[in-house]
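**Student:** Quick one: structure below, then a few questions.
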Amino acid sequence: MSVMAEYKTRPEQVGNILVKVQEDLVNLKERLHVQAERHGNLDLSALEAAIHKTELGLQEHTEQISHQVNNRVNTLRVAGPGPGATGSQTWDILPERTKGHAQTLQSDTKGMSRRPVATNHMMAMVKQQAPPARARGSQIQGLTPGEKHKDRWSMRVMQNPQNEQTREVLDDHYSIQLPLIVDKKNQKPSSAKVHTGSTIDHLAVLPKSHRVDASLVPPQISENQARQGILSLIQRGLIPPAAELTLDPAPVGHKQVALHDPTNKERDKQNVIAEGPYHFAGVRFDETAPEERYAFMAAEAVSGSPPVEKKPRNLAHRRIPQKLEPVQTKTFEMKFQPLPPPTTPASGDFKSNNFRFPIQHGKVRELSPEFMAYKQNYCLCWGSIVTMLKHLEKLLTNYAVPIAFVNGDRLADLAMEFELDSQRPSVDDLLSVLVNKDDVIAIVKRPGQRYMGPFGKEQAATKIQSTFRRYVTRKWYLEHRRLKWASGVIAITWVMNVKMSQVRKQLKYTRQANMETFRTRSKKFAANWNRIKNSRRVVIHVPSLGYAQHIRESIGDFGIRQNTQFARLCDLRDPNVDVIYVSPVPINDETLQYYAKLVGLKTAVDSSDVAKQSTDIQERYKIIVPEAVKSFPTHRMCLATHLKYSPRALRRIKAIIKGKDAYIVPGMTHLDDIDVAAILGVPILSGEPDVMSLYSSHSGSKRIFASANISTPPSEYDVYSIGQVYESLAQLVTENLDVRTWLFKLDDEFDGRGIAFCHVTDHLRCHVWVVKESQRYGDKWNKKWAQEPAFLKIQHEIPEILQQYAEPCNKSIYPSWQLFLEAFLSKGGVIEACPPSESVTALKVDMLIEPSGKISILTAGDQIHAESPFACWGVSTPQSSVEPDDLNKACVKVAEACKARGVIGHFTIDFVTFIDPKTDEQVLWAVDLSLSYSDTAAMNQLIHFVTNAKWDGRSHELTIDPPRQERTGRRRRKAESQTQSDLNTNLNRYAVLSTRLLNSNLAVIHYSVFFQMCRAHGIGYDIKEKQGTMFTLIDSFNRENLGMVTIGDNLQGALSTFARNLSVLHQEFSTTNMQGNTNFLAAIEDIEAILGTTLTNEEEEIAETEN
């Protein structure tokens, strides 16, 4: 067989030869079977056994050859001795040799070490020829006896590592350098004397004079010093560091680099010159062009006919010519480079051939020349390529791709990439090896192309069934997941409901227990009140505003709003009282110093001597800030709630009140006040929170006023529906035709926040007709039957009037009537008549119901309205608008009604007074009730603290003690009697106060600078005269809010001082370019209107007196 006999000179083709031989054996076997079928049965068992044995042997030889090529260094076979040797020798790579070869090599290899032969990119198949003589560049014909002896001696030396010649032999023969190992045990210690210390001379340095004076000439440098180098001279200072040095000649030379054209990849062929003891004269390399080999193999594969048998060449009896032709060597870029691994034929320099072959209708044309050439080139890694090719054929078959062209090199790279990977290649990976990738992708991505293959119908049916099963299964799964989620939600909700119910029960039980404790302590507190108020006690002031959560959320700067009652510290005027003030906001040192000086004035006020200020009183008060204020900065909690969740503050309060009588004075009572009282174990000077909250509402106050039987404006309370609004307002308008404006008040709001108004009669079209009807009926107009026609007409017009003309007073909270009406109907409210007069005065009376039941009026004053006519901005006290007896009677009736409902502690009543246009008589209406400690009551404590004034609840007068006179002689008593009489006539004091002063420009001024400005403008307090101005610092950090009180000997003087102070401060703080947010100007206008009214009243009184 020609293929079996033919061999290639390139060593990497040995594997291809063996594979080809194996394929020829398979073809022979198939032809024998065909021949047996045609001509009858033949006894082919012996032949089949032989062929099978040959196949196994070749397979084993193939594996051994591949292993040797990959992992061993191959050597050239050396010819036997004598010129008469015949036969050509090949590489010694086969484990099984022919008999002739075994005889030839036996004598040459005994006791001999094979000399290593340098290998290049490939191994060569060598033909050995017998030259006539040994010459340079020719093949060695044999070894002399001396050389053989030398080789044997070298082998013995290498086998003995202890031999001293081993290092030299390995270095000469194999270029291996063994490490030098020194035996330290055999080394003898040196007998030389050991020198200690420095063994070199000190190097010269720059003299000190030159280091100090740089202007001196540098010293000369000797030749020995110059040999030390430039860096050494610079470091020693002999050369200045800033010196510019030039090296001649330069150590680095510059030369232009020649750049080669990257497109010119041809390299000049250079002959490989043999170096060292190796000779390649007898080596012949394969010079046959690859195209010729591929053409021959392709023609053979296409024809399918068995190759023509040729006689095998008998290499052993072939006559060797005497003359040797010069060996032609292949040019390589680098000399003696190791051969790349044969398992990667598609990498590196072996990709010079770009193999492409087609796949038509999902099948490879295996007999095509391109594929045969590709198969032969990648024979060593053909198994992985076949696997990848099968995947590609399956993909193209499934998608019915008519033709695709494969890039063989890319396919080989992809096969090597997935050879050791258990994962299958993706579609993108397979398509990446195609030359016409874009066309194939367009076909593959065509809708329905997946089912155009040979089994397309079955795959389509499978896809339909799987999709439907997926749809059914997913639908069931989604339903199952929804039910599972629902069951989880139900379970969690049930668990949370159970836990919440348990918590609610526990809280309810705890609050009931705290409430019972509160009631028990209140009874004991009432029984011991007379003893407690006359003995040493601690008053815990908690100025908390316990309104509903939605109201607290709508109050800007809620903490500052609670801190307006800082004047509660002035309870220290009673020597038996110690004060604990719980602050709702943090207090800085500047504010603490101010209040320390303020309370220190007590001794000076008592003695009317500024120099007699005491610091002992500072030990009688403590200011405590709950730590929860910082923990919950954005939660609008009332102060009682903050204190409840501040265990450190509670422990401090407990330590202060331990062993002392103490009680809490709250603001607006909250349920958390009860919890705080239970924790501290002290009573509260207040009623139950539910009772206080109920009767603090507008509807609750109407009930109190109705039970007290005092005058109130025409009104309707507990209104919760829109029909009730229209009906009640129509009825009120029908009964009170002289009332122009009607007010709508929310039950749970306070301080004029939840009020809306509407001028009903101005927009009532039937008003004239109704007035005529009332005049026609006369006294019978109060009858329902007389009012019925007018009521119906008014009720018909009310909805349109309210929709168009009703307005909320505070539009920052309720911007429109619709929003106000929604809140009005949800919370309930009161419809009330506004006084039918242009001159209306509002009064505020602070009262106290002691636990023992005693009722007292603490203060009474006229209200000052700056921001809104329905909100109290300040108070002038004592009041001078109503007769004290009339006011006291009304206040006592209200207090009795509150007392009957369990209300104790501080509360405030609001009145309005005006002149009735019909009767010209003064009318007093009670309009509001607030069951809490007010800002006016706190500022009243400050007034009493700095004046030592006494309040007369019957006459509503505030008087001070006459000043103390020094003892004088008898001669001057008569002259001083007149002076004493003058002083006695000037003991009354009037005060104007407010805690709502706001100016945003105050934020840029520190309090120390603020008080310097006040002193510069004469704003201060005269302790001796008990007149002047006092401030309360409310906001320690922003400093935008302020409290102020002015005290004078008459009302006009106090009002004038207050207005002057506001005007001066506004001019100091504000400029034309920086007005800021302030209410100073509105307050000044209202005070000026009050002054005008006061002057008019005085003139009328004087005129009446003269008449």
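As shown in the structure tokens, the chain order sets the letters A, B, ...; within each chain, residues go from 1, and ligands are also counted from 1 in the order they appear.
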Taking only region 560-663 of chain A into account, list the residues labelled helix (DSSP H, G or I) by DSSP (computed from the backbone), as number ranges by chain.
**Tutor:** A: 560-573, 589-599, 602-607, 616-620, 628-631, 639-644, 647-657
**Student:** Write out as a ChimeraX atom specification the residues lying within 7 Å of Thr995 (chain A), counting only C-alpha atoms and excluding same-chain residues fewer than 2 positions away.
**Tutor:** /A:564,997,1042-1044
**Student:** For each of A:Val875, A:Leu545, A:Ala786, A:Leu743, take the minimum atom-to-atom distance to Leu931 (chain A), counting only C-alpha atoms, then give the residue where this is smallest.
**Tutor:**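 Going through A:Val875, A:Leu545, A:Ala786, A:Leu743 one by one, the smallest distance to Leu931 (chain A) is for A:Leu545.
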**Student:** Residues within 12 Å of Ser881 (chain A), please, as a list in words. Count only C-alpha atoms; anything in the same chain fewer than 6 positions from it doesn't count.
**Tutor:**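 With the cut-off at 12 Å, the set is Ser839, Val840, Thr841, Ala842, Leu843, Lys844, Ala860, Gly861, Asp862, Gln863, Leu887, Phe911, Val912, Thr913, Phe914, Ile915, Gln922, Val923, Leu924, His956, Leu1051, Ile1090, Thr1093, Thr1094 and Asn1097 of chain A.
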**Student:** Just the strand (DSSP E) stuff from region 459-613 of chain A, please, per backbone DSSP, written as a list in words.
**Tutor:**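 Here are the strand (DSSP E) residues of region 459-613 of chain A: Arg537, Val538, Val539, Ile540, His541, Val542, Pro543, Ser544, Leu545, Val577, Asp578, Val579, Ile580, Tyr581 and Val582 of chain A.
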**Student:** Store the residues picked out above in a file with N, CA and C atoms, as a tab-separated table (two decimals), in the first residue's frame.
**Tutor:**
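Wrote selection.tsv, looks like this:
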```tsv
chain	number	residue	atom	x	y	z
A	537	ARG	N	-42.42	73.08	99.65
A	537	ARG	CA	-42.91	72.21	98.59
A	537	ARG	C	-42.11	72.41	97.31
A	538	VAL	N	-42.25	71.45	96.41
A	538	VAL	CA	-41.59	71.50	95.11
A	538	VAL	C	-42.68	71.51	94.05
A	539	VAL	N	-42.62	72.52	93.17
A	539	VAL	CA	-43.59	72.63	92.10
A	539	VAL	C	-42.87	72.22	90.79
A	540	ILE	N	-43.41	71.18	90.15
A	540	ILE	CA	-42.85	70.68	88.90
A	540	ILE	C	-43.68	71.27	87.75
A	541	HIS	N	-43.10	72.20	87.02
A	541	HIS	CA	-43.80	72.85	85.92
A	541	HIS	C	-43.51	72.09	84.62
A	542	VAL	N	-44.56	71.57	84.02
A	542	VAL	CA	-44.47	70.86	82.74
A	542	VAL	C	-45.37	71.61	81.75
A	543	PRO	N	-44.85	72.60	81.03
A	543	PRO	CA	-45.70	73.40	80.13
A	543	PRO	C	-46.02	72.66	78.83
A	544	SER	N	-46.74	71.60	78.97
A	544	SER	CA	-47.06	70.73	77.83
A	544	SER	C	-48.37	71.15	77.19
A	545	LEU	N	-48.40	71.09	75.85
A	545	LEU	CA	-49.63	71.36	75.10
A	545	LEU	C	-50.14	70.01	74.58
A	577	VAL	N	-41.28	77.72	98.09
A	577	VAL	CA	-41.44	76.99	96.83
A	577	VAL	C	-40.08	76.78	96.18
A	578	ASP	N	-39.82	75.53	95.81
A	578	ASP	CA	-38.71	75.18	94.90
A	578	ASP	C	-39.32	74.77	93.57
A	579	VAL	N	-38.67	75.20	92.49
A	579	VAL	CA	-39.24	75.02	91.16
A	579	VAL	C	-38.36	74.06	90.35
A	580	ILE	N	-39.02	73.12	89.67
A	580	ILE	CA	-38.39	72.29	88.64
A	580	ILE	C	-39.10	72.61	87.34
A	581	TYR	N	-38.38	73.23	86.44
A	581	TYR	CA	-38.96	73.60	85.15
A	581	TYR	C	-38.46	72.61	84.09
A	582	VAL	N	-39.38	71.91	83.48
A	582	VAL	CA	-39.06	70.96	82.41
A	582	VAL	C	-39.16	71.72	81.10
```
**Student:** What's around Arg536 (chain A) at 10 Å? Count only C-alpha atoms, leave out sequence neighbours fewer than 6 positions away in its own chain, and write the answer as number ranges by chain.
**Tutor:** A: 574-578, 660-662
**Student:** Go ahead and write the selection's residues with N, CA, C and O atoms as a tab-separated table (two decimals), in the first residue's frame.
**Tutor:**
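Below is the file again-v3.tsv, written as the result:
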```tsv
chain	number	residue	atom	x	y	z
A	574	ASP	N	-42.37	82.95	96.23
A	574	ASP	CA	-42.79	82.35	97.50
A	574	ASP	C	-41.58	81.65	98.10
A	574	ASP	O	-41.01	80.74	97.48
A	575	PRO	N	-41.11	82.03	99.26
A	575	PRO	CA	-39.89	81.43	99.83
A	575	PRO	C	-40.02	79.94	100.14
A	575	PRO	O	-39.01	79.27	100.33
A	576	ASN	N	-41.24	79.43	100.19
A	576	ASN	CA	-41.43	78.01	100.49
A	576	ASN	C	-41.46	77.13	99.24
A	576	ASN	O	-41.69	75.92	99.36
A	577	VAL	N	-41.28	77.72	98.09
A	577	VAL	CA	-41.44	76.99	96.83
A	577	VAL	C	-40.08	76.78	96.18
A	577	VAL	O	-39.29	77.72	96.03
A	578	ASP	N	-39.82	75.53	95.81
A	578	ASP	CA	-38.71	75.18	94.90
A	578	ASP	C	-39.32	74.77	93.57
A	578	ASP	O	-40.34	74.08	93.53
A	660	LYS	N	-39.93	65.16	99.84
A	660	LYS	CA	-40.55	66.49	99.86
A	660	LYS	C	-41.95	66.41	99.29
A	660	LYS	O	-42.28	65.51	98.51
A	661	ASP	N	-42.78	67.40	99.70
A	661	ASP	CA	-44.10	67.53	99.08
A	661	ASP	C	-43.93	68.14	97.69
A	661	ASP	O	-43.28	69.17	97.52
A	662	ALA	N	-44.51	67.50	96.70
A	662	ALA	CA	-44.36	67.97	95.32
A	662	ALA	C	-45.64	67.69	94.56
A	662	ALA	O	-46.41	66.77	94.89
```
**Student:** Skipping near chain neighbours, those fewer than 6 positions away, what residues fall within 12 Å of Lys772 (chain A) using only C-alpha atoms, listed as JSON, numbers by chain?
**Tutor:** {"A": [737, 766, 778, 781, 787, 790]}
**Student:** Using N, CA and C atoms, can you write the selected residues to a file as an mmCIF file, in the first residue's frame?
**Tutor:**
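Produced file again33.cif, reproduced below:
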```cif
data_model
loop_
_atom_site.group_PDB
_atom_site.id
_atom_site.type_symbol
_atom_site.label_atom_id
_atom_site.label_comp_id
_atom_site.auth_asym_id
_atom_site.auth_seq_id
_atom_site.Cartn_x
_atom_site.Cartn_y
_atom_site.Cartn_z
ATOM 1 N N LEU A 737 -81.493 89.535 63.241
ATOM 2 C CA LEU A 737 -81.327 90.251 61.983
ATOM 3 C C LEU A 737 -80.340 91.401 62.081
ATOM 4 N N CYS A 766 -82.880 88.700 50.468
ATOM 5 C CA CYS A 766 -84.199 88.886 51.109
ATOM 6 C C CYS A 766 -84.093 89.580 52.456
ATOM 7 N N GLY A 778 -93.617 92.669 65.023
ATOM 8 C CA GLY A 778 -93.344 93.295 66.310
ATOM 9 C C GLY A 778 -92.873 92.284 67.335
ATOM 10 N N TRP A 781 -92.614 88.423 66.696
ATOM 11 C CA TRP A 781 -91.589 87.878 65.782
ATOM 12 C C TRP A 781 -90.826 86.705 66.386
ATOM 13 N N GLN A 787 -91.804 83.396 61.961
ATOM 14 C CA GLN A 787 -90.489 83.357 61.305
ATOM 15 C C GLN A 787 -90.419 82.334 60.172
ATOM 16 N N ALA A 790 -89.769 83.619 56.438
ATOM 17 C CA ALA A 790 -88.438 84.223 56.329
ATOM 18 C C ALA A 790 -87.343 83.160 56.468
#
```
**Student:** Quick one: pull the distance between CA of Arg620 (chain A) and CA of Leu572 (chain A), Å, one decimal.
**Tutor:**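 Spanning CA of Arg620 (chain A) to CA of Leu572 (chain A) is a straight-line distance of 7.6 Å.
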**Student:** I'd like the neighbourhood of Asn588 (chain A) as a PDB file with C-alpha atoms, in the first residue's frame, where a residue qualifies if any of its atoms comes within 6 Å (using only C-alpha atoms), though same-chain residues fewer than 2 positions away should be ignored.
**Tutor:**
```
ATOM      1  CA  GLU A 590     -26.452  82.475  77.588  1.00  0.00           C
ATOM      2  CA  THR A 591     -30.124  81.897  78.402  1.00  0.00           C
ATOM      3  CA  SER A1036     -32.199  79.904  72.773  1.00  0.00           C
TER       4      SER A1036
END
```
**Student:** Report the distance between CA of Asp557 (chain A) and CA of Asp1035 (chain A) in Å, rounded to one decimal place.
**Tutor:**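 Here the two named atoms are 9.8 Å from each other.
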**Student:** Of the residues A:Gln613, A:Asn224, A:Ser1000, A:Thr1057, which is the one nearest to Gly1018 (chain A), using only C-alpha atoms?
**Tutor:**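 Closest candidate: A:Thr1057.
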**Student:** My list of candidates is A:Thr510, A:Ser422, A:Gln562, A:Asn1001. Which is closest to Pro666 (chain A) when distances are computed with only C-alpha atoms?
**Tutor:**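 Using only C-alpha atoms, the shortest distance to Pro666 (chain A) belongs to A:Gln562.
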**Student:** For Lys375 (chain A), which residue among A:Thr919, A:Val401, A:Lys20, A:Ala1003 is the nearest when counting only C-alpha atoms?
**Tutor:**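 Using only C-alpha atoms, the shortest distance to Lys375 (chain A) belongs to A:Lys20.
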**Student:** What's the 10 Å shell around His550 (chain A), counting only C-alpha atoms, without same-chain residues fewer than 4 positions away, as a ChimeraX atom specification?
**Tutor:** /A:554-555,636
